[in-house]
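input.pdb, holding PDB, C-alpha atoms:
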ATOM      1  CA  MET A   5     168.117  20.373 139.118  1.00  0.00           C
ATOM      2  CA  SER A   6     168.751  23.651 140.973  1.00  0.00           C
ATOM      3  CA  PHE A   7     172.182  24.680 142.269  1.00  0.00           C
ATOM      4  CA  LEU A   8     171.004  24.195 145.862  1.00  0.00           C
ATOM      5  CA  SER A   9     169.651  20.730 145.068  1.00  0.00           C
ATOM      6  CA  LYS A  10     172.978  19.748 143.538  1.00  0.00           C
ATOM      7  CA  ILE A  11     174.779  20.748 146.725  1.00  0.00           C
ATOM      8  CA  LYS A  12     172.353  18.778 148.891  1.00  0.00           C
ATOM      9  CA  SER A  13     172.581  15.683 146.718  1.00  0.00           C
ATOM     10  CA  ASN A  14     176.392  15.504 146.886  1.00  0.00           C
ATOM     11  CA  PRO A  15     177.533  14.513 150.414  1.00  0.00           C
ATOM     12  CA  ARG A  16     181.091  15.835 149.973  1.00  0.00           C
ATOM     13  CA  THR A  17     179.958  19.177 148.567  1.00  0.00           C
ATOM     14  CA  LYS A  18     177.270  19.509 151.233  1.00  0.00           C
ATOM     15  CA  SER A  19     179.803  18.764 153.982  1.00  0.00           C
ATOM     16  CA  PHE A  20     182.210  21.364 152.578  1.00  0.00           C
ATOM     17  CA  VAL A  21     179.536  24.069 152.323  1.00  0.00           C
ATOM     18  CA  LEU A  22     178.415  23.386 155.897  1.00  0.00           C
ATOM     19  CA  TRP A  23     182.035  23.657 157.031  1.00  0.00           C
ATOM     20  CA  LEU A  24     182.240  27.062 155.339  1.00  0.00           C
ATOM     21  CA  ILE A  25     179.204  28.197 157.342  1.00  0.00           C
ATOM     22  CA  THR A  26     179.930  26.655 160.749  1.00  0.00           C
ATOM     23  CA  PRO A  27     182.691  24.577 162.387  1.00  0.00           C
ATOM     24  CA  LYS A  28     181.702  20.931 162.725  1.00  0.00           C
ATOM     25  CA  ARG A  29     182.088  20.732 166.528  1.00  0.00           C
ATOM     26  CA  ASN A  30     181.015  24.298 167.311  1.00  0.00           C
ATOM     27  CA  PRO A  31     177.410  24.995 166.269  1.00  0.00           C
ATOM     28  CA  ARG A  32     177.614  28.727 165.634  1.00  0.00           C
ATOM     29  CA  PRO A  33     177.995  30.646 162.363  1.00  0.00           C
ATOM     30  CA  ARG A  34     181.414  31.869 161.311  1.00  0.00           C
ATOM     31  CA  TRP A  35     182.053  35.600 161.682  1.00  0.00           C
ATOM     32  CA  TYR A  36     181.760  36.321 157.955  1.00  0.00           C
ATOM     33  CA  ILE A  37     178.358  34.600 157.837  1.00  0.00           C
ATOM     34  CA  LYS A  38     177.189  36.878 160.675  1.00  0.00           C
ATOM     35  CA  CYS A  39     178.584  39.992 158.996  1.00  0.00           C
ATOM     36  CA  PHE A  40     178.028  39.472 155.283  1.00  0.00           C
ATOM     37  CA  VAL A  41     175.277  36.852 154.836  1.00  0.00           C
ATOM     38  CA  ASN A  42     172.761  36.938 157.690  1.00  0.00           C
ATOM     39  CA  PRO A  43     171.953  40.680 157.472  1.00  0.00           C
ATOM     40  CA  PHE A  44     170.678  40.146 153.921  1.00  0.00           C
ATOM     41  CA  ILE A  45     168.614  37.058 154.798  1.00  0.00           C
ATOM     42  CA  HIS A  46     167.107  37.698 158.222  1.00  0.00           C
ATOM     43  CA  LYS A  47     164.524  40.398 158.868  1.00  0.00           C
ATOM     44  CA  LYS A  48     165.097  43.059 161.540  1.00  0.00           C
ATOM     45  CA  GLY A  49     162.219  45.449 162.157  1.00  0.00           C
ATOM     46  CA  LYS A  50     162.355  49.201 162.525  1.00  0.00           C
ATOM     47  CA  GLY A  51     163.688  50.280 165.913  1.00  0.00           C
ATOM     48  CA  ALA A  52     164.580  46.711 166.925  1.00  0.00           C
ATOM     49  CA  LYS A  53     167.639  46.334 169.161  1.00  0.00           C
ATOM     50  CA  ILE A  54     170.006  43.433 169.724  1.00  0.00           C
ATOM     51  CA  ARG A  55     172.257  44.343 172.634  1.00  0.00           C
ATOM     52  CA  ARG A  56     176.003  44.092 172.177  1.00  0.00           C
ATOM     53  CA  TRP A  57     176.610  41.264 174.650  1.00  0.00           C
ATOM     54  CA  SER A  58     173.917  38.928 173.352  1.00  0.00           C
ATOM     55  CA  ARG A  59     174.880  35.757 171.464  1.00  0.00           C
ATOM     56  CA  VAL A  60     172.752  35.401 168.352  1.00  0.00           C
ATOM     57  CA  ASP A  61     173.866  32.186 166.651  1.00  0.00           C
ATOM     58  CA  VAL A  62     171.563  32.129 163.646  1.00  0.00           C
ATOM     59  CA  PHE A  63     172.120  30.310 160.385  1.00  0.00           C
ATOM     60  CA  PRO A  64     171.013  31.250 156.855  1.00  0.00           C
ATOM     61  CA  TRP A  65     169.066  28.025 156.240  1.00  0.00           C
ATOM     62  CA  LYS A  66     166.390  28.833 158.867  1.00  0.00           C
ATOM     63  CA  ARG A  67     164.357  31.981 159.501  1.00  0.00           C
ATOM     64  CA  PHE A  68     165.296  34.520 162.140  1.00  0.00           C
ATOM     65  CA  GLU A  69     162.965  37.514 162.235  1.00  0.00           C
ATOM     66  CA  ILE A  70     162.453  40.250 164.811  1.00  0.00           C
ATOM     67  CA  GLY A  71     159.708  42.827 164.495  1.00  0.00           C
ATOM     68  CA  ASP A  72     159.520  46.554 165.071  1.00  0.00           C
ATOM     69  CA  LEU A  73     160.704  47.868 168.467  1.00  0.00           C
ATOM     70  CA  THR A  74     161.696  44.391 169.661  1.00  0.00           C
ATOM     71  CA  THR A  75     164.587  44.212 172.137  1.00  0.00           C
ATOM     72  CA  ILE A  76     166.983  41.330 172.790  1.00  0.00           C
ATOM     73  CA  GLU A  77     168.847  42.097 176.006  1.00  0.00           C
ATOM     74  CA  ASP A  78     172.473  41.377 176.925  1.00  0.00           C
ATOM     75  CA  PHE A  79     173.684  37.824 177.602  1.00  0.00           C
ATOM     76  CA  THR A  80     170.779  36.323 175.691  1.00  0.00           C
ATOM     77  CA  THR A  81     171.430  33.284 173.478  1.00  0.00           C
ATOM     78  CA  ILE A  82     169.360  32.671 170.348  1.00  0.00           C
ATOM     79  CA  ASN A  83     169.885  29.727 167.998  1.00  0.00           C
ATOM     80  CA  ASN A  84     167.814  28.783 164.940  1.00  0.00           C
ATOM     81  CA  GLY A  85     169.807  25.716 163.955  1.00  0.00           C
ATOM     82  CA  SER A  86     166.926  23.343 164.694  1.00  0.00           C
ATOM     83  CA  GLY A  87     164.070  25.630 163.641  1.00  0.00           C
ATOM     84  CA  ASP A  88     162.880  29.150 162.865  1.00  0.00           C
ATOM     85  CA  VAL A  89     162.947  31.847 165.536  1.00  0.00           C
ATOM     86  CA  ILE A  90     160.315  34.500 164.887  1.00  0.00           C
ATOM     87  CA  LEU A  91     159.798  37.382 167.315  1.00  0.00           C
ATOM     88  CA  GLY A  92     156.936  39.768 166.635  1.00  0.00           C
ATOM     89  CA  ASN A  93     156.660  43.507 167.232  1.00  0.00           C
ATOM     90  CA  ARG A  94     157.459  45.003 170.658  1.00  0.00           C
ATOM     91  CA  VAL A  95     158.801  41.717 172.021  1.00  0.00           C
ATOM     92  CA  ARG A  96     161.289  41.860 174.904  1.00  0.00           C
ATOM     93  CA  VAL A  97     163.727  39.045 175.620  1.00  0.00           C
ATOM     94  CA  GLY A  98     165.163  39.476 179.106  1.00  0.00           C
ATOM     95  CA  ILE A  99     168.788  39.372 180.206  1.00  0.00           C
ATOM     96  CA  GLY A 100     170.343  35.908 180.097  1.00  0.00           C
ATOM     97  CA  SER A 101     167.409  34.181 178.413  1.00  0.00           C
ATOM     98  CA  VAL A 102     167.835  31.356 175.890  1.00  0.00           C
ATOM     99  CA  ILE A 103     165.681  30.758 172.799  1.00  0.00           C
ATOM    100  CA  ILE A 104     166.353  27.705 170.624  1.00  0.00           C
ATOM    101  CA  GLY A 105     164.018  27.269 167.663  1.00  0.00           C
ATOM    102  CA  PRO A 106     161.526  26.514 166.448  1.00  0.00           C
ATOM    103  CA  VAL A 107     159.994  29.268 168.588  1.00  0.00           C
ATOM    104  CA  THR A 108     157.458  31.962 167.694  1.00  0.00           C
ATOM    105  CA  MET A 109     156.667  34.886 170.009  1.00  0.00           C
ATOM    106  CA  GLY A 110     153.677  37.097 169.207  1.00  0.00           C
ATOM    107  CA  ASP A 111     153.408  40.881 169.326  1.00  0.00           C
ATOM    108  CA  GLY A 112     153.900  42.431 172.754  1.00  0.00           C
ATOM    109  CA  SER A 113     155.016  39.195 174.399  1.00  0.00           C
ATOM    110  CA  GLY A 114     158.057  38.912 176.623  1.00  0.00           C
ATOM    111  CA  LEU A 115     160.490  36.790 178.574  1.00  0.00           C
ATOM    112  CA  GLY A 116     161.842  37.765 181.976  1.00  0.00           C
ATOM    113  CA  GLN A 117     165.439  37.205 183.016  1.00  0.00           C
ATOM    114  CA  HIS A 118     167.078  33.791 182.501  1.00  0.00           C
ATOM    115  CA  VAL A 119     164.106  32.121 180.809  1.00  0.00           C
ATOM    116  CA  PHE A 120     164.791  28.973 178.743  1.00  0.00           C
ATOM    117  CA  VAL A 121     162.579  28.237 175.723  1.00  0.00           C
ATOM    118  CA  ALA A 122     163.353  25.427 173.280  1.00  0.00           C
ATOM    119  CA  GLY A 123     161.399  23.878 170.420  1.00  0.00           C
ATOM    120  CA  PHE A 124     163.334  20.635 170.512  1.00  0.00           C
ATOM    121  CA  SER A 125     164.603  17.943 172.825  1.00  0.00           C
ATOM    122  CA  HIS A 126     167.307  15.322 172.362  1.00  0.00           C
ATOM    123  CA  GLY A 127     166.093  11.883 171.320  1.00  0.00           C
ATOM    124  CA  PHE A 128     166.768   9.121 173.819  1.00  0.00           C
ATOM    125  CA  GLU A 129     164.764   6.192 172.464  1.00  0.00           C
ATOM    126  CA  ASP A 130     167.853   4.086 171.770  1.00  0.00           C
ATOM    127  CA  GLY A 131     169.257   3.270 175.183  1.00  0.00           C
ATOM    128  CA  THR A 132     172.482   1.946 173.634  1.00  0.00           C
ATOM    129  CA  LYS A 133     173.501   5.383 172.308  1.00  0.00           C
ATOM    130  CA  ASN A 134     174.340   8.745 173.805  1.00  0.00           C
ATOM    131  CA  SER A 135     171.336  11.070 173.368  1.00  0.00           C
ATOM    132  CA  SER A 136     173.639  13.674 171.800  1.00  0.00           C
ATOM    133  CA  VAL A 137     174.000  11.512 168.666  1.00  0.00           C
ATOM    134  CA  GLN A 138     170.317  10.601 168.345  1.00  0.00           C
ATOM    135  CA  PRO A 139     167.868  12.539 166.140  1.00  0.00           C
ATOM    136  CA  LEU A 140     166.334  15.655 167.657  1.00  0.00           C
ATOM    137  CA  ILE A 141     162.629  15.665 168.529  1.00  0.00           C
ATOM    138  CA  ILE A 142     161.312  18.891 166.979  1.00  0.00           C
ATOM    139  CA  LYS A 143     158.115  20.392 168.431  1.00  0.00           C
ATOM    140  CA  PRO A 144     157.542  24.127 167.890  1.00  0.00           C
ATOM    141  CA  VAL A 145     156.853  26.467 170.804  1.00  0.00           C
ATOM    142  CA  VAL A 146     154.312  29.272 170.333  1.00  0.00           C
ATOM    143  CA  ILE A 147     153.987  32.174 172.776  1.00  0.00           C
ATOM    144  CA  GLU A 148     150.976  34.192 171.674  1.00  0.00           C
ATOM    145  CA  ASP A 149     150.467  37.967 171.672  1.00  0.00           C
ATOM    146  CA  GLU A 150     151.075  39.812 174.960  1.00  0.00           C
ATOM    147  CA  ALA A 151     151.888  36.662 176.942  1.00  0.00           C
ATOM    148  CA  HIS A 152     154.684  37.047 179.484  1.00  0.00           C
ATOM    149  CA  ILE A 153     156.960  34.422 181.017  1.00  0.00           C
ATOM    150  CA  GLY A 154     158.440  35.165 184.453  1.00  0.00           C
ATOM    151  CA  ALA A 155     162.135  35.044 185.325  1.00  0.00           C
ATOM    152  CA  ASN A 156     163.923  31.682 185.614  1.00  0.00           C
ATOM    153  CA  SER A 157     161.105  29.774 183.908  1.00  0.00           C
ATOM    154  CA  VAL A 158     161.420  26.891 181.442  1.00  0.00           C
ATOM    155  CA  VAL A 159     159.145  26.311 178.441  1.00  0.00           C
ATOM    156  CA  VAL A 160     159.576  22.867 176.884  1.00  0.00           C
ATOM    157  CA  ALA A 161     159.094  21.785 173.272  1.00  0.00           C
ATOM    158  CA  GLY A 162     155.598  21.568 171.817  1.00  0.00           C
ATOM    159  CA  VAL A 163     153.941  24.039 174.197  1.00  0.00           C
ATOM    160  CA  ARG A 164     151.548  26.838 173.227  1.00  0.00           C
ATOM    161  CA  ILE A 165     151.022  29.679 175.694  1.00  0.00           C
ATOM    162  CA  GLY A 166     147.860  31.644 175.010  1.00  0.00           C
ATOM    163  CA  LYS A 167     147.304  35.344 174.481  1.00  0.00           C
ATOM    164  CA  ARG A 168     147.881  37.661 177.468  1.00  0.00           C
ATOM    165  CA  THR A 169     148.717  34.733 179.740  1.00  0.00           C
ATOM    166  CA  GLN A 170     151.093  35.360 182.640  1.00  0.00           C
ATOM    167  CA  VAL A 171     153.484  32.602 183.715  1.00  0.00           C
ATOM    168  CA  GLY A 172     154.914  33.064 187.209  1.00  0.00           C
ATOM    169  CA  ALA A 173     158.638  33.196 187.911  1.00  0.00           C
ATOM    170  CA  GLY A 174     160.395  29.856 188.225  1.00  0.00           C
ATOM    171  CA  SER A 175     157.654  27.888 186.486  1.00  0.00           C
ATOM    172  CA  VAL A 176     158.195  24.875 184.221  1.00  0.00           C
ATOM    173  CA  VAL A 177     155.645  24.855 181.405  1.00  0.00           C
ATOM    174  CA  THR A 178     155.148  21.315 180.096  1.00  0.00           C
ATOM    175  CA  LYS A 179     151.620  21.626 178.654  1.00  0.00           C
ATOM    176  CA  ASP A 180     149.579  24.205 176.742  1.00  0.00           C
ATOM    177  CA  ILE A 181     148.305  27.165 178.764  1.00  0.00           C
ATOM    178  CA  PRO A 182     145.035  28.725 177.522  1.00  0.00           C
ATOM    179  CA  PRO A 183     144.678  32.459 176.763  1.00  0.00           C
ATOM    180  CA  PHE A 184     144.017  34.970 179.570  1.00  0.00           C
ATOM    181  CA  SER A 185     145.379  32.707 182.295  1.00  0.00           C
ATOM    182  CA  ILE A 186     147.791  32.930 185.202  1.00  0.00           C
ATOM    183  CA  ALA A 187     149.918  29.797 185.591  1.00  0.00           C
ATOM    184  CA  VAL A 188     152.577  28.965 188.176  1.00  0.00           C
ATOM    185  CA  GLY A 189     154.588  26.040 189.491  1.00  0.00           C
ATOM    186  CA  ASN A 190     156.491  22.951 188.376  1.00  0.00           C
ATOM    187  CA  PRO A 191     154.770  21.702 186.348  1.00  0.00           C
ATOM    188  CA  ALA A 192     152.906  24.952 185.678  1.00  0.00           C
ATOM    189  CA  LYS A 193     149.190  24.895 186.450  1.00  0.00           C
ATOM    190  CA  VAL A 194     146.505  27.492 185.779  1.00  0.00           C
ATOM    191  CA  ILE A 195     145.416  29.161 189.031  1.00  0.00           C
ATOM    192  CA  LYS A 196     143.408  32.072 187.617  1.00  0.00           C
ATOM    193  CA  GLN A 197     141.600  33.011 184.415  1.00  0.00           C
ATOM    194  CA  TYR A 198     140.274  36.348 183.276  1.00  0.00           C
ATOM    195  CA  ASN A 199     136.488  36.676 183.126  1.00  0.00           C
ATOM    196  CA  HIS A 200     135.680  39.060 180.277  1.00  0.00           C
ATOM    197  CA  GLU A 201     132.151  39.607 181.567  1.00  0.00           C
ATOM    198  CA  THR A 202     133.098  40.626 185.111  1.00  0.00           C
ATOM    199  CA  GLY A 203     136.509  42.087 184.278  1.00  0.00           C
ATOM    200  CA  ILE A 204     138.083  40.085 187.130  1.00  0.00           C
ATOM    201  CA  TRP A 205     140.821  37.447 187.316  1.00  0.00           C
ATOM    202  CA  GLU A 206     138.976  34.556 188.897  1.00  0.00           C
ATOM    203  CA  ARG A 207     140.611  31.681 190.763  1.00  0.00           C
ATOM    204  CA  VAL A 208     140.355  28.278 189.120  1.00  0.00           C
ATOM    205  CA  LYS A 209     138.922  25.665 191.461  1.00  0.00           C
TER     206      LYS A 209
END
Let me see the structure of the file written as structure tokens.
Amino acid sequence: MSFLSKIKSNPRTKSFVLWLITPKRNPRPRWYIKCFVNPFIHKKGKGAKIRRWSRVDVFPWKRFEIGDLTTIEDFTTINNGSGDVILGNRVRVGIGSVIIGPVTMGDGSGLGQHVFVAGFSHGFEDGTKNSSVQPLIIKPVVIEDEAHIGANSVVVAGVRIGKRTQVGAGSVVTKDIPPFSIAVGNPAKVIKQYNHETGIWERVK
């Protein structure tokens, strides 16, 4: 049995190790985990920038990767506690946006200001219990290459947004959006798609 398996199999040891990494009632890594553990575990690409006033609460037991020339702007919150957060090359995460894993963003994709993207939702099946104590429902979000999400939008768990798709500001994306589309509204609906033969964005009837 490996050392890690021994820790996981012993509830008291596991609880103690978790306490060393993060306070029980405050789901963010302790300062020494941020400074002395995460930099050796998580990948940061060449020229990538995480602005000073962003809150990157990432833990060593899940992946957090940002590619070359990717920028995470101020007042952004990123958390990988419930799943991996993987940002490709040349990704831009706008001011005040929130990403809670599992979320993958492809090369050249971006979020506007104050966009919320989460790969989980709180379980609520048991009506006799507070949803905060019920198991999370994990459904990864995928934002493909060069797709862009407008300011103040929400992308819910389990959604895939196709390549080079544009989501209008203030939209709520509850279902998959195909590649080369323009989608707007609450819930977001496709209003135009790019015709590769004519080179024109054509309205969807």
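Proximity ranking of A:Ile147, A:Thr74, A:Arg94, A:Ile142 relative to Met109 of chain A places A:Ile147 first, based on all atoms listed in the file.
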For a quick check of understanding, using only C-alpha atoms, which of A:Gly49, A:Gln197, A:Ser136, A:Ser58 has the smallest distance to Asn93 of chain A? A:Gly49
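For the file shown, the residue list from the PyMOL selection byres ((chain A and resi 61) around 10) reads A:Pro31, A:Arg32, A:Pro33, A:Arg34, A:Lys38, A:Ser58, A:Arg59, A:Val60, A:Val62, A:Phe63, A:Phe68, A:Thr81, A:Ile82, A:Asn83, A:Asn84, A:Gly85, A:Ile104.
Distance annotation: of A:Val146, A:Thr17, A:Gly114, A:Pro27, the residue with the minimal separation from Gln170 of chain A is A:Gly114; atom set is only C-alpha atoms.
Shortest separation to Pro106 of chain A among A:Val160, A:Val194, A:Ile153, A:Ala122 occurs at residue A:Ala122, atoms counted being only C-alpha atoms.
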Who sits within 10 Å of Phe79 of chain A, all atoms listed in the file, same chain under 5 positions skipped, as a list in words: Arg55, Arg56, Trp57, Ser58, Arg59, Val60, Gly98, Ile99, Gly100, Ser101, Val102, Gln117 and His118 of chain A
Between atom CA of Lys193 of chain A and atom CA of Ser175 of chain A, what distance in Å does the model show, to one decimal? 9.0 Å
Just give me the gap between atom CA of Pro64 of chain A and atom CA of Ile25 of chain A in Å, one decimal is fine. 8.8 Å
Applying the PyMOL selection byres ((chain A and resi 107) around 6) to the file I just gave you, which residues come out? Please list them as a PyMOL selection string. chain A and resi 89+105-106+108+123+144-146
